[in-house]
Structures are given as structure tokens and as C-alpha cells.
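K.L.:
Structure: start-v7.cif, mmCIF, C-alpha atoms.
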data_upload
loop_
_atom_site.label_atom_id
_atom_site.label_comp_id
_atom_site.auth_asym_id
_atom_site.auth_seq_id
_atom_site.Cartn_x
_atom_site.Cartn_y
_atom_site.Cartn_z
CA MET A 20 6.70 22.20 -94.90
CA GLN A 21 7.81 19.72 -92.23
CA GLU A 22 9.95 16.83 -93.42
CA ARG A 23 8.10 13.51 -93.20
CA VAL A 24 10.15 10.54 -92.03
CA LEU A 25 9.24 6.85 -91.92
CA VAL A 26 10.95 4.64 -89.32
CA THR A 27 10.39 0.92 -89.82
CA GLY A 28 10.78 -0.92 -86.54
CA GLY A 29 9.90 2.38 -84.88
CA ALA A 30 8.59 0.79 -81.68
CA GLY A 31 11.79 -1.18 -81.15
CA PHE A 32 14.72 -0.29 -78.95
CA ILE A 33 16.77 1.78 -81.39
CA GLY A 34 13.79 2.76 -83.54
CA SER A 35 11.94 4.36 -80.64
CA HIS A 36 14.97 6.45 -79.65
CA LEU A 37 15.38 7.49 -83.29
CA ALA A 38 11.70 8.41 -83.62
CA GLU A 39 11.95 10.44 -80.42
CA ALA A 40 14.96 12.37 -81.74
CA LEU A 41 13.29 13.02 -85.09
CA VAL A 42 10.14 14.38 -83.43
CA ALA A 43 12.25 16.57 -81.13
CA SER A 44 13.98 18.01 -84.21
CA GLY A 45 10.66 19.09 -85.68
CA ARG A 46 10.05 16.33 -88.23
CA ARG A 47 6.79 14.50 -88.72
CA VAL A 48 7.44 10.82 -87.97
CA THR A 49 5.57 7.62 -88.72
CA ALA A 50 6.68 4.48 -86.88
CA LEU A 51 5.83 1.21 -88.62
CA ASP A 52 6.06 -1.87 -86.41
CA ASP A 53 4.50 -5.33 -86.25
CA PHE A 54 5.25 -5.57 -82.49
CA SER A 55 6.94 -8.93 -82.78
CA THR A 56 9.81 -7.50 -80.75
CA GLY A 57 8.86 -3.82 -80.56
CA ARG A 58 6.83 -2.60 -77.59
CA PHE A 59 4.12 0.03 -77.30
CA ASP A 60 5.68 1.22 -74.04
CA ASN A 61 8.72 2.36 -76.01
CA ILE A 62 6.75 4.98 -77.91
CA ALA A 63 3.79 5.59 -75.56
CA HIS A 64 5.25 8.96 -74.54
CA LEU A 65 5.08 10.09 -78.19
CA GLN A 66 1.40 9.29 -78.55
CA GLY A 67 -0.64 12.45 -78.61
CA ASP A 68 2.10 14.48 -80.29
CA GLU A 69 0.68 15.66 -83.62
CA ARG A 70 4.08 15.12 -85.23
CA PHE A 71 4.05 11.38 -84.45
CA ALA A 72 1.96 8.55 -85.89
CA LEU A 73 2.07 4.83 -85.24
CA VAL A 74 1.15 2.23 -87.85
CA ALA A 75 0.83 -1.39 -86.75
CA GLY A 76 1.85 -3.49 -89.71
CA SER A 77 4.56 -5.49 -91.44
CA ILE A 78 7.33 -4.50 -93.82
CA CYS A 79 6.24 -7.55 -95.85
CA ASP A 80 2.87 -5.88 -96.56
CA ARG A 81 3.64 -4.50 -100.01
CA GLN A 82 0.57 -2.27 -100.33
CA LEU A 83 1.16 -0.70 -96.91
CA VAL A 84 4.86 -0.13 -97.54
CA GLU A 85 4.15 1.49 -100.91
CA GLU A 86 1.61 3.86 -99.35
CA LEU A 87 4.03 4.84 -96.61
CA ALA A 88 7.02 5.25 -98.93
CA ARG A 89 4.99 7.50 -101.22
CA ALA A 90 3.80 9.63 -98.29
CA HIS A 91 7.21 10.24 -96.68
CA ASP A 92 10.37 12.08 -97.64
CA LYS A 93 12.95 9.77 -96.03
CA ILE A 94 13.06 6.20 -94.70
CA PHE A 95 15.04 4.75 -91.82
CA HIS A 96 14.77 0.98 -92.23
CA LEU A 97 15.41 -0.68 -88.86
CA ALA A 98 12.74 -3.40 -88.86
CA ALA A 99 14.15 -6.93 -88.71
CA VAL A 100 14.01 -10.16 -86.77
CA VAL A 101 16.63 -9.61 -84.06
CA GLY A 102 18.17 -11.54 -81.20
CA VAL A 103 20.16 -14.77 -81.25
CA ARG A 104 17.38 -16.72 -79.58
CA ASN A 105 14.78 -15.63 -82.16
CA VAL A 106 17.13 -16.55 -84.97
CA ILE A 107 17.87 -19.99 -83.56
CA GLU A 108 14.24 -20.79 -82.81
CA ASP A 109 12.66 -19.51 -86.03
CA PRO A 110 15.16 -19.26 -88.90
CA VAL A 111 12.41 -19.30 -91.56
CA ARG A 112 10.81 -16.15 -90.17
CA THR A 113 14.26 -14.57 -89.83
CA ILE A 114 15.13 -15.14 -93.46
CA GLU A 115 11.72 -14.25 -94.89
CA THR A 116 11.28 -11.07 -92.86
CA ASN A 117 14.78 -9.73 -93.21
CA ILE A 118 15.14 -10.41 -96.92
CA ALA A 119 11.60 -10.08 -98.32
CA GLY A 120 10.75 -7.16 -96.04
CA THR A 121 13.90 -5.25 -96.88
CA GLU A 122 13.44 -5.89 -100.60
CA THR A 123 9.92 -4.44 -100.35
CA VAL A 124 11.15 -1.33 -98.54
CA LEU A 125 13.95 -0.81 -101.07
CA GLU A 126 11.69 -1.36 -104.07
CA TYR A 127 9.30 1.41 -103.06
CA ALA A 128 12.02 3.67 -101.73
CA ALA A 129 13.59 3.46 -105.18
CA ARG A 130 10.27 3.94 -106.99
CA TYR A 131 9.64 7.21 -105.15
CA ALA A 132 13.34 8.21 -104.84
CA ARG A 133 13.26 8.34 -101.04
CA PRO A 134 16.66 8.61 -99.32
CA THR A 135 16.99 5.49 -97.18
CA LEU A 136 19.20 4.32 -94.33
CA VAL A 137 19.36 0.54 -93.91
CA ALA A 138 20.40 -0.75 -90.49
CA SER A 139 22.72 -3.74 -90.72
CA THR A 140 24.75 -5.54 -88.07
CA SER A 141 28.24 -6.52 -86.98
CA GLU A 142 27.03 -10.10 -87.31
CA VAL A 143 27.83 -9.94 -91.02
CA TYR A 144 31.55 -10.15 -90.21
CA GLY A 145 30.88 -13.65 -88.92
CA LYS A 146 33.95 -15.55 -87.78
CA SER A 147 36.49 -13.14 -89.22
CA GLU A 148 39.53 -12.66 -87.00
CA ASP A 149 40.84 -9.64 -88.90
CA LEU A 150 40.40 -7.07 -86.12
CA PRO A 151 39.32 -4.36 -85.98
CA PHE A 152 36.59 -5.02 -88.53
CA ARG A 153 36.76 -2.72 -91.53
CA GLU A 154 33.86 -2.18 -93.90
CA ASP A 155 35.93 -3.44 -96.84
CA GLY A 156 37.10 -6.54 -94.95
CA ASP A 157 36.00 -10.11 -95.61
CA CYS A 158 32.83 -11.56 -94.10
CA VAL A 159 33.47 -15.13 -92.91
CA LEU A 160 30.25 -17.02 -92.23
CA GLY A 161 29.74 -20.54 -90.97
CA PRO A 162 27.99 -23.39 -92.82
CA SER A 163 24.30 -23.24 -93.74
CA SER A 164 23.70 -26.25 -91.49
CA ARG A 165 24.23 -23.96 -88.49
CA ARG A 166 21.09 -21.90 -87.91
CA ARG A 167 23.26 -19.39 -86.07
CA TRP A 168 24.31 -17.85 -89.38
CA ALA A 169 20.85 -17.29 -90.89
CA TYR A 170 20.62 -13.78 -89.42
CA ALA A 171 24.08 -12.71 -90.57
CA CYS A 172 23.47 -14.08 -94.05
CA SER A 173 20.07 -12.39 -94.34
CA LYS A 174 21.46 -9.02 -93.26
CA LEU A 175 24.41 -9.33 -95.62
CA LEU A 176 21.98 -10.00 -98.47
CA ASP A 177 20.07 -6.88 -97.36
CA GLU A 178 23.30 -4.93 -97.89
CA PHE A 179 23.78 -6.44 -101.35
CA LEU A 180 20.18 -5.50 -102.21
CA ALA A 181 20.61 -1.93 -101.01
CA LEU A 182 23.81 -1.45 -103.00
CA ALA A 183 22.24 -3.11 -106.05
CA TYR A 184 19.32 -0.66 -105.93
CA ARG A 185 21.85 2.14 -105.60
CA LEU A 186 23.63 0.92 -108.73
CA LYS A 187 20.49 0.21 -110.74
CA THR A 188 18.26 3.14 -109.79
CA GLY A 189 20.52 5.69 -108.12
CA LEU A 190 18.66 5.23 -104.82
CA PRO A 191 20.23 7.51 -102.17
CA VAL A 192 21.01 4.79 -99.62
CA VAL A 193 23.48 4.31 -96.79
CA ILE A 194 24.08 1.17 -94.73
CA ALA A 195 24.92 1.37 -91.02
CA ARG A 196 26.53 -1.71 -89.48
CA LEU A 197 25.65 -1.53 -85.81
CA PHE A 198 27.85 -3.05 -83.09
CA ASN A 199 26.14 -3.97 -79.80
CA VAL A 200 24.05 -0.83 -79.31
CA VAL A 201 22.80 -0.65 -75.71
CA GLY A 202 20.69 1.58 -73.49
CA PRO A 203 17.28 1.99 -71.85
CA ARG A 204 14.34 0.16 -73.53
CA GLN A 205 16.51 -2.72 -74.72
CA THR A 206 15.16 -6.05 -73.53
CA GLY A 207 17.04 -9.19 -72.61
CA ARG A 208 14.22 -11.45 -73.79
CA TYR A 209 15.92 -12.25 -77.08
CA GLY A 210 19.47 -12.83 -75.89
CA MET A 211 20.84 -9.26 -75.57
CA VAL A 212 23.53 -9.56 -72.95
CA LEU A 213 23.61 -6.19 -71.17
CA PRO A 214 19.91 -5.94 -70.22
CA THR A 215 20.04 -9.63 -69.30
CA PHE A 216 22.92 -9.06 -66.89
CA VAL A 217 21.38 -5.89 -65.43
CA GLY A 218 18.00 -7.56 -64.91
CA GLN A 219 19.59 -10.54 -63.21
CA ALA A 220 21.67 -8.29 -60.97
CA LEU A 221 18.67 -6.21 -59.89
CA ARG A 222 16.66 -9.35 -59.09
CA GLY A 223 19.53 -10.88 -57.13
CA GLU A 224 19.83 -13.77 -59.57
CA PRO A 225 23.12 -15.28 -60.82
CA LEU A 226 24.53 -13.56 -63.91
CA THR A 227 24.71 -16.23 -66.61
CA VAL A 228 27.84 -16.00 -68.73
CA TYR A 229 27.88 -18.38 -71.69
CA GLY A 230 31.07 -20.26 -72.43
CA ASP A 231 34.24 -19.23 -70.61
CA GLY A 232 33.36 -15.51 -70.74
CA THR A 233 36.51 -14.44 -72.57
CA GLN A 234 34.61 -13.42 -75.72
CA ARG A 235 34.96 -9.67 -76.23
CA ARG A 236 32.49 -7.05 -77.46
CA THR A 237 32.38 -3.29 -77.80
CA PHE A 238 29.22 -1.57 -76.56
CA CYS A 239 27.87 1.75 -77.80
CA ASP A 240 25.16 3.77 -76.10
CA VAL A 241 22.05 4.44 -78.18
CA GLN A 242 22.38 8.14 -77.34
CA ASP A 243 25.64 8.16 -79.32
CA VAL A 244 24.29 6.04 -82.20
CA VAL A 245 21.08 7.96 -82.95
CA PRO A 246 22.82 11.27 -83.84
CA ALA A 247 25.16 9.29 -86.09
CA LEU A 248 22.20 7.71 -87.91
CA LEU A 249 20.68 11.16 -88.45
CA ALA A 250 23.98 12.52 -89.71
CA LEU A 251 24.55 9.60 -92.10
CA MET A 252 21.09 10.07 -93.59
CA ASP A 253 21.83 13.74 -94.28
CA SER A 254 25.37 13.21 -95.58
CA GLU A 255 25.78 13.30 -99.36
CA ARG A 256 29.21 11.72 -98.98
CA ALA A 257 27.71 8.72 -97.18
CA ARG A 258 25.43 7.77 -100.07
CA GLY A 259 26.27 4.28 -101.31
CA GLU A 260 28.55 3.60 -98.34
CA VAL A 261 28.65 0.88 -95.69
CA VAL A 262 29.57 2.40 -92.32
CA ASN A 263 30.46 0.81 -88.97
CA LEU A 264 28.89 2.37 -85.87
CA GLY A 265 30.07 1.06 -82.53
CA GLY A 266 32.17 1.57 -79.44
CA THR A 267 35.95 1.65 -79.20
CA GLN A 268 36.70 -0.24 -75.99
CA ALA A 269 36.30 -4.02 -76.02
CA VAL A 270 35.36 -5.80 -72.81
CA SER A 271 35.05 -9.51 -72.11
CA MET A 272 31.78 -10.97 -70.88
CA ASN A 273 33.47 -11.71 -67.56
CA GLU A 274 34.51 -8.06 -67.28
CA LEU A 275 31.03 -6.89 -68.27
CA ALA A 276 29.42 -9.08 -65.60
CA ARG A 277 31.75 -7.71 -62.91
CA LEU A 278 31.09 -4.15 -64.05
CA VAL A 279 27.31 -4.66 -63.90
CA LEU A 280 27.61 -6.02 -60.35
CA GLU A 281 29.76 -3.07 -59.34
CA VAL A 282 27.50 -0.39 -60.85
CA THR A 283 24.25 -1.91 -59.55
CA GLY A 284 25.67 -2.80 -56.15
CA SER A 285 24.29 -6.31 -56.53
CA SER A 286 25.52 -9.26 -54.48
CA SER A 287 24.65 -11.72 -57.25
CA GLN A 288 27.15 -14.37 -58.28
CA VAL A 289 28.48 -15.03 -61.78
CA VAL A 290 27.93 -18.50 -63.21
CA HIS A 291 29.28 -19.93 -66.45
CA VAL A 292 26.88 -21.90 -68.63
CA PRO A 293 28.14 -24.12 -71.48
CA TYR A 294 26.75 -23.16 -74.88
CA ASP A 295 25.26 -26.62 -75.37
CA ARG A 296 23.01 -26.08 -72.33
CA ALA A 297 21.64 -22.82 -73.73
CA TYR A 298 21.54 -23.39 -77.48
CA PRO A 299 21.22 -26.30 -79.92
CA ALA A 300 24.26 -28.51 -80.44
CA GLY A 301 26.92 -26.96 -82.66
CA PHE A 302 26.18 -23.34 -81.73
CA GLU A 303 29.03 -21.04 -82.74
CA ASP A 304 29.95 -17.68 -81.27
CA MET A 305 32.48 -15.07 -82.32
CA GLN A 306 35.43 -14.58 -79.98
CA ALA A 307 35.66 -10.86 -80.66
CA ARG A 308 33.73 -8.09 -82.40
CA VAL A 309 35.60 -4.81 -82.57
CA PRO A 310 34.83 -2.16 -85.21
CA ASP A 311 37.07 0.22 -87.07
CA ILE A 312 34.98 3.42 -86.90
CA SER A 313 37.38 5.67 -88.80
CA LYS A 314 35.03 5.90 -91.80
CA ALA A 315 32.13 7.09 -89.62
CA GLU A 316 34.41 9.64 -87.98
CA ARG A 317 35.60 10.85 -91.38
CA LEU A 318 32.11 11.08 -92.89
CA VAL A 319 30.06 12.51 -90.01
CA GLY A 320 32.46 13.11 -87.11
CA PHE A 321 31.25 10.06 -85.17
CA ARG A 322 32.98 9.79 -81.78
CA PRO A 323 31.05 7.78 -79.19
CA GLY A 324 31.60 9.37 -75.80
CA THR A 325 29.28 7.66 -73.30
CA ASP A 326 31.14 5.62 -70.70
CA LEU A 327 29.91 2.04 -70.30
CA ARG A 328 29.43 2.55 -66.57
CA HIS A 329 27.07 5.41 -67.30
CA THR A 330 25.13 3.29 -69.78
CA ILE A 331 24.78 0.48 -67.25
CA ALA A 332 23.52 2.96 -64.67
CA ARG A 333 20.95 4.34 -67.15
CA VAL A 334 19.75 0.83 -68.03
CA ALA A 335 19.46 -0.09 -64.34
CA ALA A 336 17.56 3.12 -63.54
CA ALA A 337 15.10 2.49 -66.38
CA MET A 338 14.52 -1.08 -65.21
CA ARG A 339 13.91 0.07 -61.65
CA ASP A 340 11.43 2.69 -62.87
CA SER A 341 9.64 0.10 -65.00
CA ALA A 342 9.40 -2.31 -62.06
CA ARG A 343 7.80 0.41 -59.92
CA SER A 344 5.21 1.44 -62.51
#
When written as C-alpha cells, how does the structure in this file appear?

P.N.:
Amino acid sequence: MQERVLVTGGAGFIGSHLAEALVASGRRVTALDDFSTGRFDNIAHLQGDERFALVAGSICDRQLVEELARAHDKIFHLAAVVGVRNVIEDPVRTIETNIAGTETVLEYAARYARPTLVASTSEVYGKSEDLPFREDGDCVLGPSSRRRWAYACSKLLDEFLALAYRLKTGLPVVIARLFNVVGPRQTGRYGMVLPTFVGQALRGEPLTVYGDGTQRRTFCDVQDVVPALLALMDSERARGEVVNLGGTQAVSMNELARLVLEVTGSSSQVVHVPYDRAYPAGFEDMQARVPDISKAERLVGFRPGTDLRHTIARVAAAMRDSARS
């Protein structure tokens, strides 16, 4: 009998790549998405495959989530409010969706003993300067008066909930903290920097770098992350663990902008925009986000190998194809 897998947020950027990989491996996959940030185009190529089903709905719909949890063997929980701009503009929805929705998924996953992977984020490390970030390191968040931290706090509470269900019910759960996953299908509409830069470069517009551009990030191609998610779900040793997944080479935003211009061959200029012109007063950003991925390597052999130049080229090619269609 084919394994049945539920992917919440299955029409999103990472969720659609994960659903695609699961279908290709012979599983039967149901993607649940409310299309607040997910897009039908991301999973349109899977429509018509008898192994794939799409359900339009919310993770906050308790009856729907119970029905889906009961009907599937495993759950990848990726659905969440994402993107800095979404978080800043609608913190209530961020908190309610990320916490209440995740609690609903975990409740029914535990009731039916469904192994579950919960996607978390590097945002939970907050303003920590203890680099590289280790899973057992401190999370240093800003004050509640800064809306910027609502997302990080909600995702950290998701982690506490997942581990609490593990302790209370024995739920087979693993938490993946994702660091700046990038690749085709990611949109810049919600503040994601790489697709924003690539789109601006292809349109001949200035690349907008916030602040002085010295803030550093590591980027990891979705084609490296998806196999790691699959492996973590299947790993007995990963049960009850929090695991970083991300790249190993940090680049500044200035370096990223120059690299995008070089790979795309664009003649666009780079402009620096003060944070207070882009976000509400008092916006805070992290200077660096660099993961320690030794636990992921130890548990499932995770070694991201896609060069950032190649990822940029793939993103640019996908955007060009989309513009022509």
C-alpha cells in the first residue's frame, strides 16, 4: 500500500518542491493550502497525477485537519504566515495562524500517532551574536513592542508545542530550523531578498539593499533542503530533535547584489535604502545568520552542495520562463 503523506502549505515555495519529490518517490500526497501566500502555479504540473491531491483550506480548520490527519500516514507541517512584510503588516494573523494552526496540526497528529516534521525558522535565534547558531544555543528576541519579533516568537512557541506533545504523548516529531532557503518558485512579494534582487535585475530596476548592506546571510538551495526534510522524517534518531538546515557560506547583502548582477548580466545599479523608509520606525534586523549544521550532517548526512551562482541562475531562468508564459 502506498504511503499517504500530508503537506501543509503544499502550494508554497518549499511545500510544492517537497510535494513534487514525494510524488516522484511513489507516495500519495495531499497538499493543504489556504493560498494566502501559496500559488496554484507552483503545483499545477502535479494536477492530474493520481498520486496528488490538492485541498484548499486552513490549518485552523479543526474538522478539516482532523480528517486529513486521520487519512494520512505522515505529516510535513510547513504552513505558516511567512515574510517580513506580512509579519509587520498583520501581526495578529501571524500569531493566530502560526500558533493556533500548529497546535491544531499537532493535536491531531498526536491523536492518530502520525510522524510529523514541523518547519521552523532561523528567525528564532533573534539577535543572538553567538555564531554559528547551534540548536542548543540561546534565542535572543527583541521587545514585544516591536512587531518584527512576532514571527520569531510564534515559531519558537511552535517548537515548544511540538516538543511538549513529544513529551506528553510520544508523538514522533522532528523540528527543522530553515535558514534562507532559496530557489525557483520563491516570490519576492513578501520581502524575500534573492527573488527580489533577481526580479529587479531582470527588469533593469535598481537593486534595493536595506541598511548599509553589510548584514550577512547563508543561502541554501531548495533542491538541497528537500532531501534533508525527507531524511529527517524517516530518521528514528531525529525524533524529538531540533535540527538546523542551511548553507555554509555567508554573504553580505552587498555581495549578494553584485553576484546577482554578474550572473544575470544586468546593468542595474545598487541603491541603499534606510530601514525607516521601508519599514515602521524601530525596525530591527539581525546582522548575521549563520547555522551550525553539524547535527544535520551527523543525523542524516546533510551536506548542501549547490553553488549560490547556480541557484541564482536557476531562479533567473524560472522568472524568464514565467514572464514569457

K.L.:
Return the single residue from A:Arg204, A:Arg343, A:His329, A:Arg236 that is closest to Gln306 (chain A), with distances computed using only C-alpha atoms.

P.N.:
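Checking each candidate against Gln306 (chain A), we get A:Arg236 as the closest.
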
K.L.:
Please write the residues picked by the PyMOL selection byres ((chain A and resi 210) around 12) on this file as a list in words.

P.N.:
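Residues picked by the PyMOL selection byres ((chain A and resi 210) around 12): Val101, Gly102, Val103, Arg104, Asn105, Val106, Ile107, Glu108, Asn199, Gln205, Thr206, Gly207, Arg208, Tyr209, Met211, Val212, Leu213, Pro214, Thr215, Phe216, Thr227, Val228, Tyr229, Ala297 and Tyr298 of chain A.
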
K.L.:
Any chance you could tabulate, as a Markdown table, the residues of region 190-225 of chain A at most 7 Å from region 251-272 of chain A with each one's nearest atom pair and distance in Å to one decimal, using only C-alpha atoms, in chain and rising number order?

P.N.:
| residue | atom | partner | partner_atom | distance |
| --- | --- | --- | --- | --- |
| A:Pro191 | CA | A:Arg258 | CA | 5.6 |
| A:Val192 | CA | A:Arg258 | CA | 5.3 |
| A:Val193 | CA | A:Arg258 | CA | 5.2 |
| A:Ile194 | CA | A:Val261 | CA | 4.7 |
| A:Ala195 | CA | A:Val262 | CA | 4.9 |
| A:Arg196 | CA | A:Asn263 | CA | 4.7 |
| A:Leu197 | CA | A:Leu264 | CA | 5.1 |
| A:Phe198 | CA | A:Gly265 | CA | 4.7 |
| A:Asn199 | CA | A:Gly265 | CA | 6.9 |

K.L.:
So which residues get picked by the PyMOL selection byres ((chain A and resi 159) around 8) here, written as a PyMOL selection string?

P.N.:
chain A and resi 143-147+157-158+160-161

K.L.:
Can you translate the PyMOL selection byres ((chain A and resi 56-71) around 6) into the concrete residues it hits in this file, as a list in words?

P.N.:
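This file gives the following for the PyMOL selection byres ((chain A and resi 56-71) around 6): Ala30, Gly31, Ser35, Arg47, Val48, Thr49, Phe54, Ser55 and Ala72 of chain A.
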
K.L.:
How close does region 20-90 of chain A get to region 110-119 of chain A? List, as a tab-separated table, each residue of region 20-90 of chain A within 9 Å, its nearest atom pair and the distance in Å to one decimal, counting all atoms listed in the file.

P.N.:
residue	atom	partner	partner_atom	distance
A:Ser77	CA	A:Thr116	CA	8.8
A:Ile78	CA	A:Thr116	CA	7.7
A:Cys79	CA	A:Ala119	CA	6.4

K.L.:
Residues near Phe321 (chain A), anyone? I mean within 7 Å using only C-alpha atoms, not counting same-chain ones fewer than 5 positions away, as a list in words.

P.N.:
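Once the nearby chain positions are removed, what remains is Ala247, Ala315 and Glu316 of chain A.
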
K.L.:
Can you tell me which residues surround Asp177 (chain A) at a distance of at most 9 Å, considering all atoms listed in the file, apart from same-chain residues fewer than 3 positions away, and format the answer as a list in words?

P.N.:
Asn117, Ile118, Thr121, Glu122, Val137, Ser139, Cys172, Ser173, Lys174, Leu180, Ala181 and Leu182 of chain A

K.L.:
Can you find the residues with an atom no farther than 12 Å from (31.6, -19.9, -59.6), counting only C-alpha atoms, and report them as an MDAnalysis selection string?

P.N.:
chainID A and resid 225:228 231 273 287:292

K.L.:
What's around Ile94 (chain A) at 8 Å? Count only C-alpha atoms, leave out sequence neighbours fewer than 6 positions away in its own chain, and write the answer as a list in words.

P.N.:
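The residues that qualify are Val24, Leu25, Val26, Thr27, Ala88, Ala128, Arg133, Pro134, Thr135 and Leu136 of chain A.
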